[in-house]
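One file, start_28.cif, carrying mmCIF, C-alpha atoms and all ligand atoms:
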```cif
data_my_file
loop_
_atom_site.label_atom_id
_atom_site.label_comp_id
_atom_site.auth_asym_id
_atom_site.auth_seq_id
_atom_site.Cartn_x
_atom_site.Cartn_y
_atom_site.Cartn_z
CA MET X 273 0.00 0.00 0.00
CA SER X 274 1.47 3.37 -0.93
CA SER X 275 1.58 6.08 1.73
CA SER X 276 -1.15 8.08 -0.07
CA ASN X 277 -3.55 5.20 0.59
CA LYS X 278 -2.91 5.26 4.29
CA VAL X 279 -5.74 6.45 6.49
CA VAL X 280 -4.83 9.54 8.51
CA ASP X 281 -6.30 9.29 12.02
CA VAL X 282 -7.47 12.64 13.36
CA ALA X 283 -8.68 13.41 16.91
CA VAL X 284 -11.51 15.93 16.74
CA GLY X 285 -13.06 17.82 19.67
CA LEU X 286 -16.74 18.72 19.66
CA ILE X 287 -16.41 21.18 22.54
CA VAL X 288 -19.84 22.18 23.83
CA LYS X 289 -20.77 24.86 26.34
CA ASN X 290 -24.18 26.49 26.88
CA GLY X 291 -25.62 24.85 23.78
CA GLN X 292 -22.82 26.15 21.55
CA ALA X 293 -19.87 24.44 19.89
CA LEU X 294 -16.38 25.89 19.65
CA LEU X 295 -15.11 26.26 16.10
CA ALA X 296 -11.84 27.38 14.59
CA LYS X 297 -11.15 28.63 11.10
CA ARG X 298 -8.56 26.63 9.17
CA ALA X 299 -5.69 28.66 7.72
CA LEU X 300 -5.78 29.09 3.95
CA HIS X 301 -2.57 27.13 3.38
CA GLN X 302 -3.93 24.06 5.25
CA HIS X 303 -5.81 21.13 3.74
CA GLN X 304 -9.49 22.27 3.54
CA GLY X 305 -8.20 25.79 4.24
CA GLY X 306 -10.59 28.68 4.89
CA ARG X 307 -13.31 26.39 6.24
CA PHE X 308 -14.54 26.10 9.80
CA GLU X 309 -13.35 23.08 11.79
CA PHE X 310 -13.78 21.43 15.11
CA PRO X 311 -10.40 21.85 16.80
CA GLY X 312 -8.11 18.83 16.73
CA GLY X 313 -5.31 17.27 14.78
CA LYS X 314 -3.48 14.22 13.61
CA VAL X 315 -2.83 11.26 15.85
CA GLU X 316 0.92 10.56 15.97
CA ALA X 317 2.35 7.09 15.42
CA GLY X 318 1.88 4.96 18.52
CA GLU X 319 -0.26 7.58 20.26
CA LEU X 320 -3.67 6.82 21.79
CA VAL X 321 -6.46 8.81 20.14
CA THR X 322 -7.54 10.32 23.46
CA THR X 323 -3.93 11.30 24.20
CA ALA X 324 -3.75 13.01 20.82
CA LEU X 325 -7.03 14.80 21.54
CA THR X 326 -5.78 16.10 24.89
CA ARG X 327 -2.46 17.16 23.33
CA GLU X 328 -3.96 18.87 20.27
CA LEU X 329 -6.55 20.82 22.25
CA HIS X 330 -3.84 21.95 24.64
CA GLU X 331 -1.55 22.99 21.78
CA GLU X 332 -4.23 24.69 19.69
CA LEU X 333 -6.47 26.19 22.39
CA GLY X 334 -4.54 26.14 25.66
CA ILE X 335 -7.25 24.14 27.46
CA ASP X 336 -7.10 20.94 29.50
CA ILE X 337 -10.02 18.65 28.78
CA HIS X 338 -11.82 16.14 31.01
CA ASP X 339 -13.91 13.12 30.28
CA PRO X 340 -14.12 13.21 26.45
CA GLN X 341 -17.00 11.04 25.15
CA LEU X 342 -16.62 9.23 21.85
CA VAL X 343 -19.40 10.25 19.49
CA GLN X 344 -18.40 8.66 16.19
CA ARG X 345 -15.58 7.49 13.94
CA LEU X 346 -15.93 8.87 10.47
CA THR X 347 -13.91 7.74 7.48
CA TYR X 348 -13.90 10.04 4.47
CA THR X 349 -11.88 10.03 1.28
CA TYR X 350 -10.77 13.38 -0.14
CA PRO X 351 -9.05 13.47 -3.54
CA GLU X 352 -5.75 13.96 -1.67
CA LYS X 353 -6.13 11.55 1.25
CA THR X 354 -8.39 9.45 3.41
CA VAL X 355 -9.03 10.62 6.96
CA CYS X 356 -10.62 8.87 9.91
CA LEU X 357 -12.05 11.52 12.22
CA HIS X 358 -12.43 10.29 15.80
CA VAL X 359 -14.99 12.72 17.17
CA TYR X 360 -15.28 13.27 20.93
CA ARG X 361 -17.78 15.44 22.74
CA ILE X 362 -16.19 17.53 25.49
CA GLU X 363 -18.30 19.38 28.01
CA SER X 364 -15.70 19.84 30.72
CA PHE X 365 -12.36 21.63 30.41
CA ILE X 366 -10.10 23.97 32.30
CA GLY X 367 -8.97 27.28 30.83
CA GLU X 368 -10.44 29.79 28.40
CA PRO X 369 -9.84 28.71 24.78
CA ILE X 370 -7.60 30.98 22.73
CA GLY X 371 -6.33 30.47 19.19
CA ARG X 372 -2.75 29.71 20.10
CA GLU X 373 -1.75 29.18 16.47
CA GLY X 374 -3.33 32.47 15.41
CA GLN X 375 -6.54 30.75 14.24
CA PRO X 376 -9.82 32.66 14.77
CA LEU X 377 -12.25 30.97 17.21
CA THR X 378 -15.98 31.29 17.55
CA TRP X 379 -18.86 29.74 19.54
CA VAL X 380 -21.85 28.76 17.40
CA ASP X 381 -25.31 27.49 18.39
CA LEU X 382 -25.51 23.76 17.71
CA ASP X 383 -28.44 24.06 15.31
CA ALA X 384 -26.68 26.87 13.39
CA LEU X 385 -23.81 24.50 12.51
CA PHE X 386 -25.88 23.36 9.52
CA GLU X 387 -25.36 26.75 7.84
CA LEU X 388 -21.55 26.81 7.98
CA ASN X 389 -18.88 25.85 5.51
CA PHE X 390 -17.02 22.83 6.95
CA PRO X 391 -14.68 20.32 5.35
CA ASP X 392 -16.71 17.90 3.25
CA ALA X 393 -16.19 15.08 5.75
CA ASN X 394 -17.98 16.96 8.51
CA ARG X 395 -21.68 16.67 7.65
CA PRO X 396 -22.31 13.67 9.95
CA ILE X 397 -20.53 15.51 12.79
CA VAL X 398 -22.96 18.40 12.45
CA ARG X 399 -25.89 16.00 12.70
CA ALA X 400 -24.34 14.06 15.61
CA ALA X 401 -23.82 17.34 17.47
CA GLN X 402 -27.62 17.67 17.70
CA LEU X 403 -28.19 14.23 19.23
CA PRO X 404 -29.44 13.97 22.82
CA THR X 405 -28.09 11.41 25.29
CA ARG X 406 -31.66 10.25 26.02
CA TYR X 407 -33.74 8.52 23.36
CA SER X 408 -37.26 8.23 24.64
CA ILE X 409 -39.78 5.73 23.26
CA THR X 410 -43.57 5.77 23.63
CA SER X 411 -45.64 2.91 24.90
CA ASP X 412 -48.31 1.54 22.55
CA LEU X 413 -51.99 2.55 22.60
CA TYR X 414 -53.99 0.39 25.01
CA GLU X 415 -56.00 -0.66 21.99
CA PRO X 416 -55.69 0.20 18.29
CA ARG X 417 -58.51 2.71 17.93
CA GLU X 418 -58.90 6.48 17.92
CA ALA X 419 -60.45 6.66 21.40
CA ALA X 420 -57.19 5.35 22.85
CA ILE X 421 -55.20 8.36 21.62
CA ALA X 422 -56.42 10.82 24.28
CA PRO X 423 -55.25 8.84 27.32
CA TRP X 424 -52.00 8.01 25.51
CA LEU X 425 -51.39 11.72 24.86
CA ALA X 426 -52.17 12.62 28.45
CA GLU X 427 -49.59 10.17 29.70
CA ILE X 428 -46.88 11.32 27.28
CA ALA X 429 -47.57 14.99 28.02
CA ILE X 430 -46.71 14.37 31.65
CA GLU X 431 -43.98 11.80 31.17
CA LYS X 432 -41.67 13.33 28.56
CA GLU X 433 -39.24 16.08 29.53
CA THR X 434 -39.05 19.36 27.63
CA ASP X 435 -37.34 19.10 24.22
CA ALA X 436 -37.06 15.32 24.55
CA TRP X 437 -36.43 13.20 21.46
CA VAL X 438 -39.28 10.73 21.30
CA TYR X 439 -39.66 7.75 19.01
CA VAL X 440 -43.37 7.23 18.49
CA ARG X 441 -43.59 3.45 18.59
CA LEU X 442 -47.11 2.15 18.03
CA PRO X 443 -46.71 -1.33 16.56
CA SER X 444 -50.40 -2.22 16.79
CA VAL X 445 -51.95 0.60 14.75
CA SER X 446 -52.79 1.34 11.10
CA SER X 447 -50.81 4.04 9.30
CA GLU X 448 -53.84 6.39 9.40
CA LEU X 449 -54.15 6.05 13.16
CA TYR X 450 -50.37 6.37 13.50
CA ALA X 451 -50.34 9.65 11.57
CA MET X 452 -53.21 10.97 13.65
CA ALA X 453 -51.41 10.14 16.91
CA VAL X 454 -48.18 11.82 15.78
CA GLN X 455 -50.02 14.93 14.57
CA ARG X 456 -51.93 15.29 17.82
CA LEU X 457 -48.80 14.74 19.90
CA SER X 458 -46.95 17.38 17.92
CA MET X 459 -49.76 19.90 18.54
CA LEU X 460 -49.89 19.13 22.25
CA ARG X 461 -46.14 19.13 22.75
CA PRO X 462 -44.51 21.22 19.99
CA ASP X 463 -41.23 21.18 21.95
CA LEU X 464 -40.72 17.45 21.42
CA ASN X 465 -38.43 16.17 18.66
CA LEU X 466 -40.56 13.39 17.24
CA ILE X 467 -39.17 10.38 15.44
CA ALA X 468 -41.56 8.36 13.33
CA VAL X 469 -41.32 4.72 12.37
CA TRP X 470 -39.47 4.34 9.05
CA ASP X 471 -42.53 3.70 6.85
CA ALA X 472 -44.86 6.27 8.40
CA PRO X 473 -46.78 8.51 5.93
CA GLU X 474 -44.76 11.20 4.12
CA ALA X 475 -47.28 13.78 5.31
CA LEU X 476 -45.55 13.68 8.70
CA ASN X 477 -42.24 14.99 7.35
CA GLU X 478 -42.99 18.57 8.38
CA ILE X 479 -43.41 17.68 12.05
CA ILE X 480 -40.82 14.97 12.65
CA VAL X 481 -37.04 15.21 13.01
CA GLY X 482 -36.34 11.74 11.74
CA ARG X 483 -37.26 8.11 11.31
CA HIS X 484 -36.54 4.85 13.08
CA LEU X 485 -35.83 1.56 11.31
CA THR X 486 -36.67 -1.71 12.97
CA GLN X 487 -33.86 -4.24 12.57
CA ALA X 488 -35.81 -6.14 9.89
CA ALA X 489 -36.45 -2.92 7.93
CA LEU X 490 -32.81 -1.92 8.32
CA LEU X 491 -31.54 -5.21 6.91
CA ALA X 492 -33.94 -4.99 3.96
CA LYS X 493 -32.80 -1.47 3.05
CA LYS X 494 -30.14 -0.98 0.38
CA HIS X 495 -29.97 2.82 0.34
CA LEU X 496 -30.95 5.55 2.67
CA GLU X 497 -32.41 8.62 1.01
CA ARG X 498 -32.32 11.63 3.31
CA ARG X 499 -35.01 14.15 2.43
CA SER X 500 -32.91 16.88 4.02
CA GLU X 501 -29.64 17.28 5.84
CA ARG X 502 -31.58 17.71 9.06
CA GLU X 503 -33.37 14.38 8.81
CA PHE X 504 -32.08 11.86 11.35
CA TRP X 505 -32.15 8.12 10.87
CA PHE X 506 -32.05 5.73 13.80
CA ALA X 507 -32.02 1.94 13.63
CA ALA X 508 -32.57 -0.90 16.07
CA CYS X 509 -29.70 -3.39 16.13
CA HIS X 510 -29.45 -6.63 18.05
CA ASP X 511 -26.37 -8.20 16.45
CA GLU X 512 -23.10 -7.57 14.63
CA ALA X 513 -24.55 -7.88 11.13
CA SER X 514 -27.15 -5.20 11.76
CA VAL X 515 -24.57 -2.83 13.32
CA ALA X 516 -22.38 -3.23 10.24
CA HIS X 517 -25.32 -2.65 7.90
CA ALA X 518 -26.47 0.48 9.76
CA GLN X 519 -23.01 1.98 9.36
CA LYS X 520 -22.82 1.10 5.70
CA LEU X 521 -26.19 2.75 5.04
CA GLY X 522 -25.17 5.96 6.83
CA VAL X 523 -27.66 5.75 9.69
CA ASP X 524 -27.05 8.51 12.30
CA ALA X 525 -27.30 6.41 15.45
CA ILE X 526 -28.33 2.94 16.54
CA VAL X 527 -30.38 1.62 19.41
CA VAL X 528 -28.87 -1.59 20.78
CA GLY X 529 -30.72 -3.97 23.04
CA ALA X 530 -32.02 -5.49 25.00
CA VAL X 531 -29.19 -4.85 27.42
CA LEU X 532 -31.01 -5.96 30.58
CA SER X 533 -34.34 -7.68 31.05
CA THR X 534 -37.31 -5.47 31.97
CA PRO X 535 -40.61 -6.02 33.75
CA THR X 536 -42.38 -6.04 30.35
CA HIS X 537 -39.78 -8.39 28.78
CA PRO X 538 -38.61 -10.45 31.73
CA ASN X 539 -37.52 -13.56 29.86
CA GLY X 540 -36.38 -12.10 26.56
CA ASP X 541 -32.95 -12.69 25.10
CA VAL X 542 -30.72 -10.07 26.65
CA LEU X 543 -27.24 -8.98 25.61
CA GLY X 544 -26.09 -8.20 29.12
CA TRP X 545 -23.47 -5.51 29.69
CA ASP X 546 -20.78 -7.65 28.02
CA GLY X 547 -22.83 -8.13 24.87
CA PHE X 548 -23.64 -4.44 24.78
CA ALA X 549 -19.98 -3.48 25.18
CA LYS X 550 -19.03 -5.77 22.31
CA LEU X 551 -21.57 -4.25 19.89
CA ALA X 552 -20.86 -0.69 21.05
CA GLY X 553 -17.15 -1.30 20.50
CA LEU X 554 -17.82 -2.39 16.91
CA SER X 555 -19.92 0.64 16.12
CA ASP X 556 -18.43 3.77 14.55
CA ILE X 557 -21.72 5.62 15.01
CA PRO X 558 -23.42 6.69 18.26
CA VAL X 559 -25.07 3.85 20.21
CA TYR X 560 -28.02 4.04 22.59
CA ALA X 561 -28.48 1.26 25.14
CA LEU X 562 -32.05 -0.08 25.38
CA GLY X 563 -33.61 -2.47 27.88
CA GLY X 564 -33.77 -1.80 31.62
CA MET X 565 -32.05 1.57 31.16
CA GLN X 566 -32.61 4.76 33.14
CA PRO X 567 -30.92 8.16 32.71
CA SER X 568 -28.80 7.24 35.74
CA ASN X 569 -27.16 4.43 33.68
CA ILE X 570 -25.50 6.97 31.37
CA ASP X 571 -22.03 6.79 32.96
CA GLU X 572 -22.01 3.00 32.80
CA VAL X 573 -23.19 3.07 29.18
CA GLN X 574 -20.59 5.65 28.12
CA ALA X 575 -17.80 3.80 29.92
CA LEU X 576 -18.61 0.81 27.66
CA GLY X 577 -18.44 2.86 24.47
CA GLY X 578 -22.12 3.81 24.27
CA PHE X 579 -23.42 7.31 23.64
CA GLY X 580 -26.78 7.43 25.40
CA VAL X 581 -29.69 5.59 26.97
CA ALA X 582 -32.99 4.63 25.36
CA GLY X 583 -36.18 3.65 27.12
CA VAL X 584 -39.93 3.74 27.39
CA ARG X 585 -40.21 4.70 31.04
CA PHE X 586 -37.60 7.13 32.28
CA VAL X 587 -38.23 8.21 35.86
N1 LIG X 601 -9.16 19.35 13.11
C1 LIG X 601 -10.03 19.00 12.17
N2 LIG X 601 -9.60 18.36 11.05
C2 LIG X 601 -10.53 18.04 10.14
C3 LIG X 601 -11.92 18.31 10.34
N3 LIG X 601 -12.60 17.85 9.26
C4 LIG X 601 -11.69 17.31 8.40
O1 LIG X 601 -11.94 16.78 7.32
N4 LIG X 601 -10.43 17.42 8.94
C5 LIG X 601 -9.22 16.96 8.25
C6 LIG X 601 -8.41 18.08 7.70
C7 LIG X 601 -7.00 17.56 7.80
O2 LIG X 601 -6.73 16.79 6.64
C8 LIG X 601 -7.04 16.64 9.01
C9 LIG X 601 -6.64 17.33 10.30
O3 LIG X 601 -5.40 17.78 10.22
P1 LIG X 601 -4.85 19.08 10.97
O4 LIG X 601 -4.34 19.96 9.92
O5 LIG X 601 -5.82 19.66 11.94
O6 LIG X 601 -3.70 18.39 11.76
P2 LIG X 601 -2.79 19.00 12.87
O7 LIG X 601 -3.59 19.84 13.79
O8 LIG X 601 -2.04 17.82 13.41
O9 LIG X 601 -1.91 20.05 12.06
P3 LIG X 601 -0.56 19.99 11.25
O10 LIG X 601 0.49 20.27 12.25
O11 LIG X 601 -0.46 18.66 10.60
O12 LIG X 601 -0.80 21.11 10.27
O13 LIG X 601 -8.39 16.24 9.15
C10 LIG X 601 -12.33 18.98 11.52
O14 LIG X 601 -13.51 19.26 11.75
N5 LIG X 601 -11.36 19.30 12.41
MG MG X 602 -5.37 20.89 13.80
#
```

Will you turn the file into structure tokens for me?
Amino acid sequence: MSSSNKVVDVAVGLIVKNGQALLAKRALHQHQGGRFEFPGGKVEAGELVTTALTRELHEELGIDIHDPQLVQRLTYTYPEKTVCLHVYRIESFIGEPIGREGQPLTWVDLDALFELNFPDANRPIVRAAQLPTRYSITSDLYEPREAAIAPWLAEIAIEKETDAWVYVRLPSVSSELYAMAVQRLSMLRPDLNLIAVWDAPEALNEIIVGRHLTQAALLAKKHLERRSEREFWFAACHDEASVAHAQKLGVDAIVVGAVLSTPTHPNGDVLGWDGFAKLAGLSDIPVYALGGMQPSNIDEVQALGGFGVAGVRFV
């Protein structure tokens, strides 16, 4: 293999404070010069990626970071070279960032990142920067008819925290009833970021932020057509093959489970923490742990390479 075919590993810091991300402007003479970037730099031979991240952010910004969380590994081929961007979210650091190499710095609202000119590899980073660490899922209607929507709405209205991301999972209902439930939920709780099941009616596109593929639907899919850059795709994965397929398709994040058994699925096949760690370790995209999870499990999940927790009943 010639050296130009070698993948260049890059440690990238998604530094977030008060809902804003820290960006630098790349110098004109650099690769992808003149564009905004998330601060970071090349991993040196024999260096751990997290060591490189700490070193680069100290060199470039003069800050000392704590507890970086892996968000994604992103491989992208430019005409000149192939890079693998190892993206870490950093919410805790000591020092006030300054452009120690003369590079201009700026803080930008997370949802405004979509408007900026980044290196071509960065589009998935901009989407991943929006992702929450809690992926909430609805319970089903108590029976598949319209009268069951009102009590379902009442429960969700109380249960779901402000701005939550909520996958509307109603396996028992027709697509007409499904659309009605999503529309009514969106009117009652316009703050929620609603995720519809993958084959829900197109008419919902205006009020949802994305779609969720069941594992069977994921495996049957050959391409993923995003209707816009702001459309998020999630997928359920229970094994290695589905994790690999989700990555190949370009899904934004996966929901892996069941990690632990739950009162509603007491005897189901569970991965256990070991099984979860194995699948999370294989995944280059963000992973939510599902099955017996509460928000308080987040540290455990992240220590095993996960990104967030998913669940029907968060208390
Ligand atoms: N830091 C950073 N690099 C990015 C981003 N997106 C992207 O494609 N890259 C590419 C551009 C470069 O080819 C490579 C990073 O190299 P770099 O120039 O920052 O490396 P470095 O800090 O070690 O600097 P140098 O001493 O080699 O100039 O990754 C990004 O958001 N941040
Ligand atoms: Mg750099």

Contacts of stretch 458-464 of chain X at 9 Å (all atoms listed in the file; same-chain gap of 3+ positions) as an MDAnalysis selection string | chainID X and resid 425 429 432:438 453:455 479:480

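Counting all atoms listed in the file, the residue from X:Gly291, X:Gly374, X:Pro396, X:Gly367 that sits nearest to ligand MG 602 (chain X) is X:Gly374.
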
With only C-alpha atoms and all ligand atoms counted, collect every polymer residue having an atom within 8 Å of ligand LIG 601 (chain X); state the result as number ranges by chain.
-> X: 280-285, 298, 302-304, 308-315, 328, 332, 348, 353, 355-357, 390-394

Extract, using all atoms listed in the file, all DNA, RNA and protein residues at most 10 Å from stretch 335-345 of chain X, discarding same-chain residues fewer than 2 positions from it, and format them as a PDB file with C-alpha atoms, in the coordinates of the input.
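Final output, around-v1.pdb:
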```
ATOM      1  CA  ASP X 281      -6.300   9.290  12.020  1.00  0.00           C
ATOM      2  CA  VAL X 282      -7.470  12.640  13.360  1.00  0.00           C
ATOM      3  CA  ALA X 283      -8.680  13.410  16.910  1.00  0.00           C
ATOM      4  CA  VAL X 284     -11.510  15.930  16.740  1.00  0.00           C
ATOM      5  CA  GLY X 285     -13.060  17.820  19.670  1.00  0.00           C
ATOM      6  CA  LEU X 286     -16.740  18.720  19.660  1.00  0.00           C
ATOM      7  CA  ILE X 287     -16.410  21.180  22.540  1.00  0.00           C
ATOM      8  CA  THR X 322      -7.540  10.320  23.460  1.00  0.00           C
ATOM      9  CA  LEU X 325      -7.030  14.800  21.540  1.00  0.00           C
ATOM     10  CA  THR X 326      -5.780  16.100  24.890  1.00  0.00           C
ATOM     11  CA  ARG X 327      -2.460  17.160  23.330  1.00  0.00           C
ATOM     12  CA  GLU X 328      -3.960  18.870  20.270  1.00  0.00           C
ATOM     13  CA  LEU X 329      -6.550  20.820  22.250  1.00  0.00           C
ATOM     14  CA  HIS X 330      -3.840  21.950  24.640  1.00  0.00           C
ATOM     15  CA  GLU X 331      -1.550  22.990  21.780  1.00  0.00           C
ATOM     16  CA  GLU X 332      -4.230  24.690  19.690  1.00  0.00           C
ATOM     17  CA  LEU X 333      -6.470  26.190  22.390  1.00  0.00           C
ATOM     18  CA  THR X 347     -13.910   7.740   7.480  1.00  0.00           C
ATOM     19  CA  TYR X 348     -13.900  10.040   4.470  1.00  0.00           C
ATOM     20  CA  CYS X 356     -10.620   8.870   9.910  1.00  0.00           C
ATOM     21  CA  LEU X 357     -12.050  11.520  12.220  1.00  0.00           C
ATOM     22  CA  HIS X 358     -12.430  10.290  15.800  1.00  0.00           C
ATOM     23  CA  VAL X 359     -14.990  12.720  17.170  1.00  0.00           C
ATOM     24  CA  TYR X 360     -15.280  13.270  20.930  1.00  0.00           C
ATOM     25  CA  ARG X 361     -17.780  15.440  22.740  1.00  0.00           C
ATOM     26  CA  ILE X 362     -16.190  17.530  25.490  1.00  0.00           C
ATOM     27  CA  GLU X 363     -18.300  19.380  28.010  1.00  0.00           C
ATOM     28  CA  SER X 364     -15.700  19.840  30.720  1.00  0.00           C
ATOM     29  CA  PHE X 365     -12.360  21.630  30.410  1.00  0.00           C
ATOM     30  CA  ILE X 366     -10.100  23.970  32.300  1.00  0.00           C
ATOM     31  CA  GLY X 367      -8.970  27.280  30.830  1.00  0.00           C
ATOM     32  CA  GLU X 368     -10.440  29.790  28.400  1.00  0.00           C
ATOM     33  CA  PRO X 369      -9.840  28.710  24.780  1.00  0.00           C
ATOM     34  CA  ILE X 370      -7.600  30.980  22.730  1.00  0.00           C
ATOM     35  CA  PRO X 396     -22.310  13.670   9.950  1.00  0.00           C
ATOM     36  CA  ILE X 397     -20.530  15.510  12.790  1.00  0.00           C
ATOM     37  CA  ALA X 400     -24.340  14.060  15.610  1.00  0.00           C
ATOM     38  CA  ALA X 401     -23.820  17.340  17.470  1.00  0.00           C
ATOM     39  CA  LEU X 403     -28.190  14.230  19.230  1.00  0.00           C
ATOM     40  CA  ASP X 524     -27.050   8.510  12.300  1.00  0.00           C
ATOM     41  CA  ALA X 525     -27.300   6.410  15.450  1.00  0.00           C
ATOM     42  CA  SER X 555     -19.920   0.640  16.120  1.00  0.00           C
ATOM     43  CA  ASP X 556     -18.430   3.770  14.550  1.00  0.00           C
ATOM     44  CA  ILE X 557     -21.720   5.620  15.010  1.00  0.00           C
ATOM     45  CA  PRO X 558     -23.420   6.690  18.260  1.00  0.00           C
ATOM     46  CA  VAL X 559     -25.070   3.850  20.210  1.00  0.00           C
ATOM     47  CA  GLN X 574     -20.590   5.650  28.120  1.00  0.00           C
ATOM     48  CA  ALA X 575     -17.800   3.800  29.920  1.00  0.00           C
ATOM     49  CA  GLY X 577     -18.440   2.860  24.470  1.00  0.00           C
ATOM     50  CA  GLY X 578     -22.120   3.810  24.270  1.00  0.00           C
ATOM     51  CA  PHE X 579     -23.420   7.310  23.640  1.00  0.00           C
ATOM     52  CA  GLY X 580     -26.780   7.430  25.400  1.00  0.00           C
TER      53      GLY X 580
END
```

Name all residues at most 10 Å from X:Leu449 (count all atoms listed in the file; drop same-chain ones fewer than 5 positions away) and give them as a ChimeraX atom specification.
-> /X:416-418,421,442,444,454-455

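Across the model, the gap from atom CA of X:Glu431 to atom CA of X:Asn465 is 14.4 Å.
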
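Distance check against X:Leu485 using all atoms listed in the file: of X:Thr354, X:Ser446, X:Asn290, X:Ser514, the minimum falls on X:Ser514.
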
Identify the residues around (-24.8, -5.3, 30.3) within a radius of 10 Å, measuring from all atoms listed in the file in the coordinates stated by the file, and give them as a PyMOL selection string.
-> chain X and resi 529-533+542-550+561+563-564+572-573+576

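Around the point (-47.7, 5.4, 6.7), within 10 Å and counting all atoms listed in the file, we find these residues: X:Ser446, X:Ser447, X:Glu448, X:Leu449, X:Tyr450, X:Ala451, X:Ala468, X:Val469, X:Trp470, X:Asp471, X:Ala472, X:Pro473, X:Glu474, X:Ala475, X:Leu476.
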
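If you count all atoms listed in the file and ignore residues fewer than 4 places along the chain from X:Trp505, what sits within 6 Å of it is Gly482, Arg483, His484, Val523 and Asp524 of chain X.
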
For X:Val528, the nearest of the candidates X:Arg307, X:Arg502, X:His510, X:Arg456, counting all atoms listed in the file | X:His510

Choose the residue, out of X:Ala492, X:Arg395, X:Arg406, X:Ala293, that has the smallest atom-to-atom separation from X:Leu382; count all atoms listed in the file.
-> X:Ala293
